[in-house]
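Quick look at input-v6.txt (compact mmCIF, N, CA and C atoms):
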```
# COMPACT_ATOMS: atom_id res chain seq x y z
N MET A 1 10.00 -9.21 0.29
CA MET A 1 8.80 -9.60 1.00
C MET A 1 7.66 -9.77 0.00
N GLU A 2 6.95 -10.87 0.11
CA GLU A 2 5.84 -11.11 -0.80
C GLU A 2 4.70 -10.16 -0.48
N GLU A 3 4.04 -9.69 -1.54
CA GLU A 3 2.98 -8.71 -1.36
C GLU A 3 1.82 -9.26 -0.54
N ASN A 4 1.48 -10.56 -0.68
CA ASN A 4 0.36 -11.09 0.06
C ASN A 4 0.66 -11.24 1.55
N LYS A 5 1.91 -11.17 1.96
CA LYS A 5 2.29 -11.22 3.37
C LYS A 5 2.59 -9.83 3.91
N LEU A 6 2.45 -8.84 3.08
CA LEU A 6 2.75 -7.47 3.43
C LEU A 6 1.56 -6.85 4.15
N SER A 7 1.81 -6.21 5.26
CA SER A 7 0.72 -5.52 5.95
C SER A 7 0.54 -4.12 5.34
N TYR A 8 -0.62 -3.56 5.60
CA TYR A 8 -0.89 -2.20 5.13
C TYR A 8 0.16 -1.24 5.67
N LYS A 9 0.47 -1.38 6.94
CA LYS A 9 1.44 -0.51 7.60
C LYS A 9 2.83 -0.63 6.95
N GLU A 10 3.24 -1.86 6.62
CA GLU A 10 4.53 -2.07 5.98
C GLU A 10 4.54 -1.47 4.58
N ALA A 11 3.44 -1.63 3.85
CA ALA A 11 3.35 -1.08 2.51
C ALA A 11 3.45 0.45 2.55
N MET A 12 2.73 1.06 3.48
CA MET A 12 2.79 2.52 3.61
C MET A 12 4.19 2.99 3.98
N ALA A 13 4.85 2.25 4.86
CA ALA A 13 6.22 2.61 5.25
C ALA A 13 7.16 2.54 4.06
N GLU A 14 6.98 1.53 3.22
CA GLU A 14 7.82 1.41 2.03
C GLU A 14 7.56 2.54 1.05
N ILE A 15 6.29 2.89 0.87
CA ILE A 15 5.94 4.02 0.00
C ILE A 15 6.60 5.29 0.52
N GLU A 16 6.47 5.54 1.82
CA GLU A 16 7.04 6.75 2.41
C GLU A 16 8.56 6.79 2.26
N SER A 17 9.20 5.64 2.40
CA SER A 17 10.65 5.57 2.24
C SER A 17 11.07 5.92 0.82
N ILE A 18 10.36 5.35 -0.15
CA ILE A 18 10.70 5.62 -1.56
C ILE A 18 10.44 7.08 -1.89
N VAL A 19 9.32 7.63 -1.44
CA VAL A 19 8.99 9.03 -1.71
C VAL A 19 10.04 9.95 -1.08
N SER A 20 10.46 9.61 0.13
CA SER A 20 11.49 10.41 0.79
C SER A 20 12.79 10.42 -0.01
N LYS A 21 13.16 9.26 -0.52
CA LYS A 21 14.37 9.17 -1.35
C LYS A 21 14.22 9.98 -2.63
N LEU A 22 13.02 9.96 -3.21
CA LEU A 22 12.76 10.75 -4.41
C LEU A 22 12.90 12.24 -4.11
N GLU A 23 12.30 12.66 -3.00
CA GLU A 23 12.34 14.08 -2.63
C GLU A 23 13.75 14.56 -2.32
N ASP A 24 14.57 13.65 -1.78
CA ASP A 24 15.95 14.02 -1.42
C ASP A 24 16.95 13.72 -2.53
N ASN A 25 16.43 13.38 -3.72
CA ASN A 25 17.28 13.07 -4.87
C ASN A 25 18.30 11.98 -4.56
N GLN A 26 17.87 10.95 -3.81
CA GLN A 26 18.76 9.86 -3.46
C GLN A 26 18.68 8.68 -4.43
N LEU A 27 17.82 8.77 -5.41
CA LEU A 27 17.69 7.71 -6.41
C LEU A 27 18.31 8.16 -7.71
N ASP A 28 19.09 7.26 -8.30
CA ASP A 28 19.64 7.62 -9.60
C ASP A 28 18.68 7.17 -10.70
N VAL A 29 18.97 7.57 -11.90
CA VAL A 29 18.09 7.32 -13.03
C VAL A 29 17.86 5.82 -13.24
N ASP A 30 18.87 5.01 -12.96
CA ASP A 30 18.75 3.57 -13.15
C ASP A 30 17.73 2.93 -12.20
N GLU A 31 17.54 3.51 -11.03
CA GLU A 31 16.60 2.99 -10.04
C GLU A 31 15.21 3.58 -10.17
N LEU A 32 15.11 4.74 -10.78
CA LEU A 32 13.88 5.52 -10.76
C LEU A 32 12.66 4.77 -11.29
N SER A 33 12.73 4.20 -12.46
CA SER A 33 11.55 3.55 -13.01
C SER A 33 11.12 2.35 -12.17
N GLY A 34 12.05 1.60 -11.65
CA GLY A 34 11.73 0.46 -10.81
C GLY A 34 11.04 0.88 -9.52
N LYS A 35 11.53 1.96 -8.93
CA LYS A 35 10.93 2.45 -7.68
C LYS A 35 9.54 3.03 -7.92
N VAL A 36 9.37 3.75 -9.02
CA VAL A 36 8.05 4.30 -9.35
C VAL A 36 7.06 3.16 -9.59
N LYS A 37 7.50 2.11 -10.26
CA LYS A 37 6.65 0.94 -10.50
C LYS A 37 6.29 0.29 -9.16
N ARG A 38 7.25 0.17 -8.27
CA ARG A 38 7.00 -0.44 -6.96
C ARG A 38 5.98 0.39 -6.17
N VAL A 39 6.12 1.69 -6.19
CA VAL A 39 5.16 2.56 -5.49
C VAL A 39 3.76 2.37 -6.08
N SER A 40 3.67 2.28 -7.38
CA SER A 40 2.39 2.06 -8.03
C SER A 40 1.76 0.74 -7.55
N GLU A 41 2.55 -0.32 -7.48
CA GLU A 41 2.06 -1.61 -7.00
C GLU A 41 1.60 -1.52 -5.54
N LEU A 42 2.38 -0.82 -4.73
CA LEU A 42 2.04 -0.68 -3.31
C LEU A 42 0.76 0.14 -3.12
N ILE A 43 0.60 1.17 -3.90
CA ILE A 43 -0.62 1.98 -3.81
C ILE A 43 -1.84 1.14 -4.19
N THR A 44 -1.71 0.36 -5.24
CA THR A 44 -2.80 -0.53 -5.66
C THR A 44 -3.13 -1.51 -4.54
N TYR A 45 -2.11 -2.08 -3.92
CA TYR A 45 -2.29 -3.01 -2.81
C TYR A 45 -3.00 -2.33 -1.64
N CYS A 46 -2.56 -1.14 -1.28
CA CYS A 46 -3.16 -0.41 -0.15
C CYS A 46 -4.62 -0.06 -0.43
N LYS A 47 -4.91 0.38 -1.64
CA LYS A 47 -6.29 0.69 -2.00
C LYS A 47 -7.17 -0.55 -1.88
N SER A 48 -6.65 -1.68 -2.31
CA SER A 48 -7.39 -2.94 -2.22
C SER A 48 -7.65 -3.32 -0.77
N LYS A 49 -6.63 -3.19 0.08
CA LYS A 49 -6.79 -3.50 1.50
C LYS A 49 -7.82 -2.59 2.14
N LEU A 50 -7.80 -1.31 1.81
CA LEU A 50 -8.77 -0.37 2.36
C LEU A 50 -10.18 -0.73 1.91
N HIS A 51 -10.34 -1.10 0.64
CA HIS A 51 -11.66 -1.47 0.12
C HIS A 51 -12.17 -2.73 0.82
N GLU A 52 -11.30 -3.73 0.97
CA GLU A 52 -11.69 -4.97 1.65
C GLU A 52 -12.11 -4.69 3.09
N THR A 53 -11.35 -3.86 3.77
CA THR A 53 -11.65 -3.53 5.16
C THR A 53 -12.96 -2.78 5.26
N GLU A 54 -13.20 -1.86 4.35
CA GLU A 54 -14.46 -1.11 4.34
C GLU A 54 -15.65 -2.06 4.17
N GLU A 55 -15.53 -3.02 3.26
CA GLU A 55 -16.60 -3.98 3.04
C GLU A 55 -16.85 -4.84 4.28
N GLU A 56 -15.77 -5.27 4.93
CA GLU A 56 -15.90 -6.07 6.14
C GLU A 56 -16.60 -5.29 7.25
N VAL A 57 -16.21 -4.05 7.43
CA VAL A 57 -16.82 -3.21 8.46
C VAL A 57 -18.29 -2.99 8.16
N GLU A 58 -18.63 -2.74 6.91
CA GLU A 58 -20.03 -2.55 6.53
C GLU A 58 -20.85 -3.80 6.83
N LYS A 59 -20.29 -4.99 6.54
CA LYS A 59 -20.98 -6.25 6.84
C LYS A 59 -21.20 -6.41 8.34
N ILE A 60 -20.20 -6.08 9.12
CA ILE A 60 -20.31 -6.19 10.58
C ILE A 60 -21.38 -5.24 11.09
N LEU A 61 -21.34 -4.00 10.62
CA LEU A 61 -22.33 -3.02 11.07
C LEU A 61 -23.74 -3.42 10.65
N LYS A 62 -23.86 -3.97 9.46
CA LYS A 62 -25.16 -4.39 8.97
C LYS A 62 -25.68 -5.57 9.83
N SER A 63 -24.81 -6.48 10.21
CA SER A 63 -25.24 -7.62 11.03
C SER A 63 -25.65 -7.18 12.42
N ILE A 64 -25.09 -6.10 12.90
CA ILE A 64 -25.48 -5.56 14.21
C ILE A 64 -26.87 -4.96 14.13
N ASP A 65 -27.18 -4.30 13.02
CA ASP A 65 -28.49 -3.65 12.85
C ASP A 65 -29.62 -4.64 12.65
N ASP A 66 -29.31 -5.85 12.18
CA ASP A 66 -30.35 -6.85 11.90
C ASP A 66 -30.90 -7.48 13.15
```

Do you think you could lay out the structure here as structure tokens?
Amino acid sequence: MEENKLSYKEAMAEIESIVSKLEDNQLDVDELSGKVKRVSELITYCKSKLHETEEEVEKILKSIDD
């Protein structure tokens, strides 16, 4: 799935899935670095989505006050 078509909810679900596999020792050494990299990318994506949403909400609230 392309990251730009990924929803916040889907990204969080993927992070949770990978973390669960890590906690349950279901990932072997060959997969580990790739999965950690993917989680890092997903976290960056989620932080960006949260920041964008916060800015949009602030703009909406500011327009209501004007």

- [ ] Select from chain A everything DSSP, run on the backbone, classes as helix (DSSP H, G or I), then give the selection as an MDAnalysis selection string.
- [x] chainID A and resid 3:5 8:23 29:65

Open item on the list: Between atom CA of A:Lys5 and atom C of A:Val19, what distance in Å does the model show, to one decimal?
Closed with: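 Computing the Euclidean distance for atom CA of A:Lys5 and atom C of A:Val19 yields 23.0 Å.
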
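If you count only N, CA and C atoms and ignore residues fewer than 6 places along the chain from A:Ser40, what sits within 8 Å of it is A:Ile15, A:Gly34, A:Cys46.
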
Could you give me the axis-aligned bounding box of stretch 57-66 of chain A, with 3 Å of padding per side, as centre plus edge lengths in Å to one decimal, as JSON?
```
{"center_x": -23.6, "center_y": -5.1, "center_z": 10.4, "size_x": 20.7, "size_y": 11.1, "size_z": 13.7}
```

Open item on the list: Calculated over only C-alpha atoms, which of the candidates A:Leu6, A:Val36, A:Ile43, A:Ile60 has the smallest distance to A:Ile18?
Closed with: A:Val36

Mind filling out stretch 35-51 of chain A with N, CA, C and O atoms and sending it as a short mmCIF file (atom, residue, chain, number, x, y, z; two decimals), in the frame of the given file?
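Output saved as result.cif:
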```
data_model
loop_
_atom_site.label_atom_id
_atom_site.label_comp_id
_atom_site.auth_asym_id
_atom_site.auth_seq_id
_atom_site.Cartn_x
_atom_site.Cartn_y
_atom_site.Cartn_z
N LYS A 35 11.53 1.96 -8.93
CA LYS A 35 10.93 2.45 -7.68
C LYS A 35 9.54 3.03 -7.92
O LYS A 35 8.63 2.84 -7.12
N VAL A 36 9.37 3.75 -9.02
CA VAL A 36 8.05 4.30 -9.35
C VAL A 36 7.06 3.16 -9.59
O VAL A 36 5.92 3.20 -9.13
N LYS A 37 7.50 2.11 -10.26
CA LYS A 37 6.65 0.94 -10.50
C LYS A 37 6.29 0.29 -9.16
O LYS A 37 5.14 -0.09 -8.95
N ARG A 38 7.25 0.17 -8.27
CA ARG A 38 7.00 -0.44 -6.96
C ARG A 38 5.98 0.39 -6.17
O ARG A 38 5.07 -0.16 -5.55
N VAL A 39 6.12 1.69 -6.19
CA VAL A 39 5.16 2.56 -5.49
C VAL A 39 3.76 2.37 -6.08
O VAL A 39 2.78 2.29 -5.34
N SER A 40 3.67 2.28 -7.38
CA SER A 40 2.39 2.06 -8.03
C SER A 40 1.76 0.74 -7.55
O SER A 40 0.56 0.69 -7.25
N GLU A 41 2.55 -0.32 -7.48
CA GLU A 41 2.06 -1.61 -7.00
C GLU A 41 1.60 -1.52 -5.54
O GLU A 41 0.57 -2.07 -5.17
N LEU A 42 2.38 -0.82 -4.73
CA LEU A 42 2.04 -0.68 -3.31
C LEU A 42 0.76 0.14 -3.12
O LEU A 42 -0.06 -0.19 -2.26
N ILE A 43 0.60 1.17 -3.90
CA ILE A 43 -0.62 1.98 -3.81
C ILE A 43 -1.84 1.14 -4.19
O ILE A 43 -2.87 1.19 -3.52
N THR A 44 -1.71 0.36 -5.24
CA THR A 44 -2.80 -0.53 -5.66
C THR A 44 -3.13 -1.51 -4.54
O THR A 44 -4.30 -1.75 -4.22
N TYR A 45 -2.11 -2.08 -3.92
CA TYR A 45 -2.29 -3.01 -2.81
C TYR A 45 -3.00 -2.33 -1.64
O TYR A 45 -3.95 -2.88 -1.07
N CYS A 46 -2.56 -1.14 -1.28
CA CYS A 46 -3.16 -0.41 -0.15
C CYS A 46 -4.62 -0.06 -0.43
O CYS A 46 -5.47 -0.19 0.45
N LYS A 47 -4.91 0.38 -1.64
CA LYS A 47 -6.29 0.69 -2.00
C LYS A 47 -7.17 -0.55 -1.88
O LYS A 47 -8.30 -0.49 -1.39
N SER A 48 -6.65 -1.68 -2.31
CA SER A 48 -7.39 -2.94 -2.22
C SER A 48 -7.65 -3.32 -0.77
O SER A 48 -8.76 -3.72 -0.40
N LYS A 49 -6.63 -3.19 0.08
CA LYS A 49 -6.79 -3.50 1.50
C LYS A 49 -7.82 -2.59 2.14
O LYS A 49 -8.65 -3.04 2.95
N LEU A 50 -7.80 -1.31 1.81
CA LEU A 50 -8.77 -0.37 2.36
C LEU A 50 -10.18 -0.73 1.91
O LEU A 50 -11.13 -0.70 2.72
N HIS A 51 -10.34 -1.10 0.64
CA HIS A 51 -11.66 -1.47 0.12
C HIS A 51 -12.17 -2.73 0.82
O HIS A 51 -13.34 -2.79 1.21
#
```
